[in-house]
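S.K.: Structure provided below as structure tokens; questions to follow.
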Amino acid sequence: MPVWAERAGRTAWHRYHIAERYGLFTIIVLGESVLAATIAVQTALDENRASAALYEVVLGGLLIVFAMWWLYFAKPAARFLDTNRAAFVWSYGHYLIFAAAAAVGAGLSVVIDQQTDHGELGRTGAGAAVTVPVAVYLLTLWFLHVRPHGVRAARTVLYPVTAVLVLATTWTGVPVLLSGLLLTGLAAATFVIATRDDSSGDRLEDQPAGR
């Protein structure tokens, strides 16, 4: 038990090293998602089942994964891992980050199977296999990486709003492509806002929330 293990003294740890390792593992999981989708696409191509809808899924899937990567590394996390409590919440919260990132890859495979008449789920169910984990990823990332920085409300609200919009695409005909465009828009908006704040000398986000 952690409490028992710490009875003789606090275990030393390096917050920048911790953040780096979690970031590397996130890259690995996202890479596995790309691999899973690639295998599903290759299977469809081998069976001559390629279509315009399939290429839309491929494009949307790439946009989703690349945006997930960019959003994760948009803000450094190590600066607010300054207490055991903050570090434990951040670390264990990554269970949702890793699970959601892996589920996106599985969801893309489900959508591809549905597009090629290999899946048993309908269009809405297959779309939810992608949109739900994407929304979970965004909300968890907002809670762990964005909120602690104490950034402006205009920037903070973008994450939960985008998560809701991503869920709404489940009932459209192209949930993967629309989700990819939404995440790309979120990445672009956060970049523009951060650049504007930096140019205006706003350093509020350098301080962890509540400090």
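Residue numbering restarts at 1 for every chain of the structure tokens, chains are lettered A, B, ... in their displayed order, and ligands are numbered from 1 as they appear.
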With only C-alpha atoms as the counted atoms, please give the residues lying no more than 12 Å from Leu139 in chain A, apart from itself and same-chain residues fewer than 6 positions off, as a PyMOL selection string.
M.R.: chain A and resi 68+71-72+93-94+96-97+100+132-133+145-147+156-164+166-167
S.K.: Show me, as an NGL selection string, the residues that have an atom within 8 Å of Ala37 in chain A when counting only C-alpha atoms, minus same-chain residues fewer than 3 positions from it.
M.R.: :A and (33-34 or 40-41 or 58 or 61 or 105-106 or 108-109 or 112)
S.K.: At a cut-off of 7 Å, using only C-alpha atoms, what residues contact range 17-32 of chain A? Leave out same-chain residues fewer than 5 positions from it and give the result as an MDAnalysis selection string.
M.R.: chainID A and resid 65 77:78 98 101:102
S.K.: Grab the CA of Tyr16 in chain A to CA of Arg79 in chain A distance for me, in Å with one decimal place.
M.R.: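 Taking CA of Tyr16 in chain A and CA of Arg79 in chain A, their separation equals 7.9 Å.
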S.K.: Counting only C-alpha atoms, what are the residues of range 96-143 of chain A within 12 Å of range 170-191 of chain A, and for each of them which pair of atoms is the nearest and at what distance in Å, to one decimal? Sort the table by chain and rising number, as JSON lines.
M.R.:
{"residue": "A:Val104", "atom": "CA", "partner": "A:Val176", "partner_atom": "CA", "distance": 10.1}
{"residue": "A:Gly105", "atom": "CA", "partner": "A:Val176", "partner_atom": "CA", "distance": 11.6}
{"residue": "A:Gly107", "atom": "CA", "partner": "A:Val176", "partner_atom": "CA", "distance": 9.6}
{"residue": "A:Leu108", "atom": "CA", "partner": "A:Val176", "partner_atom": "CA", "distance": 8.0}
{"residue": "A:Ser109", "atom": "CA", "partner": "A:Val176", "partner_atom": "CA", "distance": 11.3}
{"residue": "A:Val110", "atom": "CA", "partner": "A:Val176", "partner_atom": "CA", "distance": 11.3}
{"residue": "A:Val111", "atom": "CA", "partner": "A:Val176", "partner_atom": "CA", "distance": 8.4}
{"residue": "A:Ile112", "atom": "CA", "partner": "A:Val176", "partner_atom": "CA", "distance": 10.3}
{"residue": "A:Gln115", "atom": "CA", "partner": "A:Val174", "partner_atom": "CA", "distance": 10.9}
{"residue": "A:Gly122", "atom": "CA", "partner": "A:Trp171", "partner_atom": "CA", "distance": 11.0}
{"residue": "A:Arg123", "atom": "CA", "partner": "A:Gly173", "partner_atom": "CA", "distance": 7.6}
{"residue": "A:Thr124", "atom": "CA", "partner": "A:Trp171", "partner_atom": "CA", "distance": 5.8}
{"residue": "A:Gly125", "atom": "CA", "partner": "A:Thr170", "partner_atom": "CA", "distance": 8.0}
{"residue": "A:Ala126", "atom": "CA", "partner": "A:Thr170", "partner_atom": "CA", "distance": 8.5}
{"residue": "A:Gly127", "atom": "CA", "partner": "A:Thr170", "partner_atom": "CA", "distance": 5.2}
{"residue": "A:Ala128", "atom": "CA", "partner": "A:Thr170", "partner_atom": "CA", "distance": 5.5}
{"residue": "A:Ala129", "atom": "CA", "partner": "A:Thr170", "partner_atom": "CA", "distance": 8.9}
{"residue": "A:Val130", "atom": "CA", "partner": "A:Val176", "partner_atom": "CA", "distance": 6.9}
{"residue": "A:Thr131", "atom": "CA", "partner": "A:Thr170", "partner_atom": "CA", "distance": 6.3}
{"residue": "A:Val132", "atom": "CA", "partner": "A:Thr170", "partner_atom": "CA", "distance": 8.5}
{"residue": "A:Pro133", "atom": "CA", "partner": "A:Ser179", "partner_atom": "CA", "distance": 11.2}
{"residue": "A:Val134", "atom": "CA", "partner": "A:Ser179", "partner_atom": "CA", "distance": 8.2}
{"residue": "A:Ala135", "atom": "CA", "partner": "A:Ser179", "partner_atom": "CA", "distance": 9.5}
{"residue": "A:Tyr137", "atom": "CA", "partner": "A:Leu183", "partner_atom": "CA", "distance": 11.1}
{"residue": "A:Leu138", "atom": "CA", "partner": "A:Leu183", "partner_atom": "CA", "distance": 9.1}
{"residue": "A:Trp142", "atom": "CA", "partner": "A:Leu186", "partner_atom": "CA", "distance": 12.0}
S.K.: Keeping only C-alpha atoms, write the selected residues to a file as a PDB file, in the first residue's frame.
M.R.:
ATOM      1  CA  VAL A 104     -10.361   5.330 -30.887  1.00  0.00           C
ATOM      2  CA  GLY A 105      -8.234   2.887 -32.898  1.00  0.00           C
ATOM      3  CA  GLY A 107     -13.568   2.351 -33.086  1.00  0.00           C
ATOM      4  CA  LEU A 108     -12.014   3.263 -36.416  1.00  0.00           C
ATOM      5  CA  SER A 109     -11.722  -0.425 -37.208  1.00  0.00           C
ATOM      6  CA  VAL A 110     -15.404  -0.871 -36.323  1.00  0.00           C
ATOM      7  CA  VAL A 111     -16.417   1.969 -38.641  1.00  0.00           C
ATOM      8  CA  ILE A 112     -14.314   0.553 -41.462  1.00  0.00           C
ATOM      9  CA  GLN A 115     -18.466   0.566 -44.264  1.00  0.00           C
ATOM     10  CA  GLY A 122     -25.381  -0.108 -37.555  1.00  0.00           C
ATOM     11  CA  ARG A 123     -24.071   3.249 -38.697  1.00  0.00           C
ATOM     12  CA  THR A 124     -24.943   5.013 -35.429  1.00  0.00           C
ATOM     13  CA  GLY A 125     -23.407   2.328 -33.238  1.00  0.00           C
ATOM     14  CA  ALA A 126     -20.239   2.247 -35.314  1.00  0.00           C
ATOM     15  CA  GLY A 127     -19.984   6.031 -35.190  1.00  0.00           C
ATOM     16  CA  ALA A 128     -20.373   5.987 -31.404  1.00  0.00           C
ATOM     17  CA  ALA A 129     -17.418   3.599 -31.213  1.00  0.00           C
ATOM     18  CA  VAL A 130     -15.288   6.566 -32.317  1.00  0.00           C
ATOM     19  CA  THR A 131     -17.096   9.633 -31.019  1.00  0.00           C
ATOM     20  CA  VAL A 132     -17.546   8.420 -27.427  1.00  0.00           C
ATOM     21  CA  PRO A 133     -13.840   7.707 -26.768  1.00  0.00           C
ATOM     22  CA  VAL A 134     -12.874  10.948 -28.533  1.00  0.00           C
ATOM     23  CA  ALA A 135     -15.211  12.886 -26.228  1.00  0.00           C
ATOM     24  CA  TYR A 137     -10.293  11.901 -24.300  1.00  0.00           C
ATOM     25  CA  LEU A 138     -11.124  15.596 -24.699  1.00  0.00           C
ATOM     26  CA  TRP A 142      -9.297  19.274 -20.293  1.00  0.00           C
TER      27      TRP A 142
END
S.K.: Between CA of Leu62 in chain A and CA of Tyr92 in chain A, measure the distance and give it in Å to one decimal.
M.R.: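 Distance between the two atoms: 27.1 Å.
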S.K.: Can you work out which one of A:Thr43, A:Gln114, A:Trp70, A:Tyr95 has the shortest atom-to-atom distance to Val57 in chain A, counting only C-alpha atoms?
M.R.: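 The closest residue to Val57 in chain A is A:Gln114.
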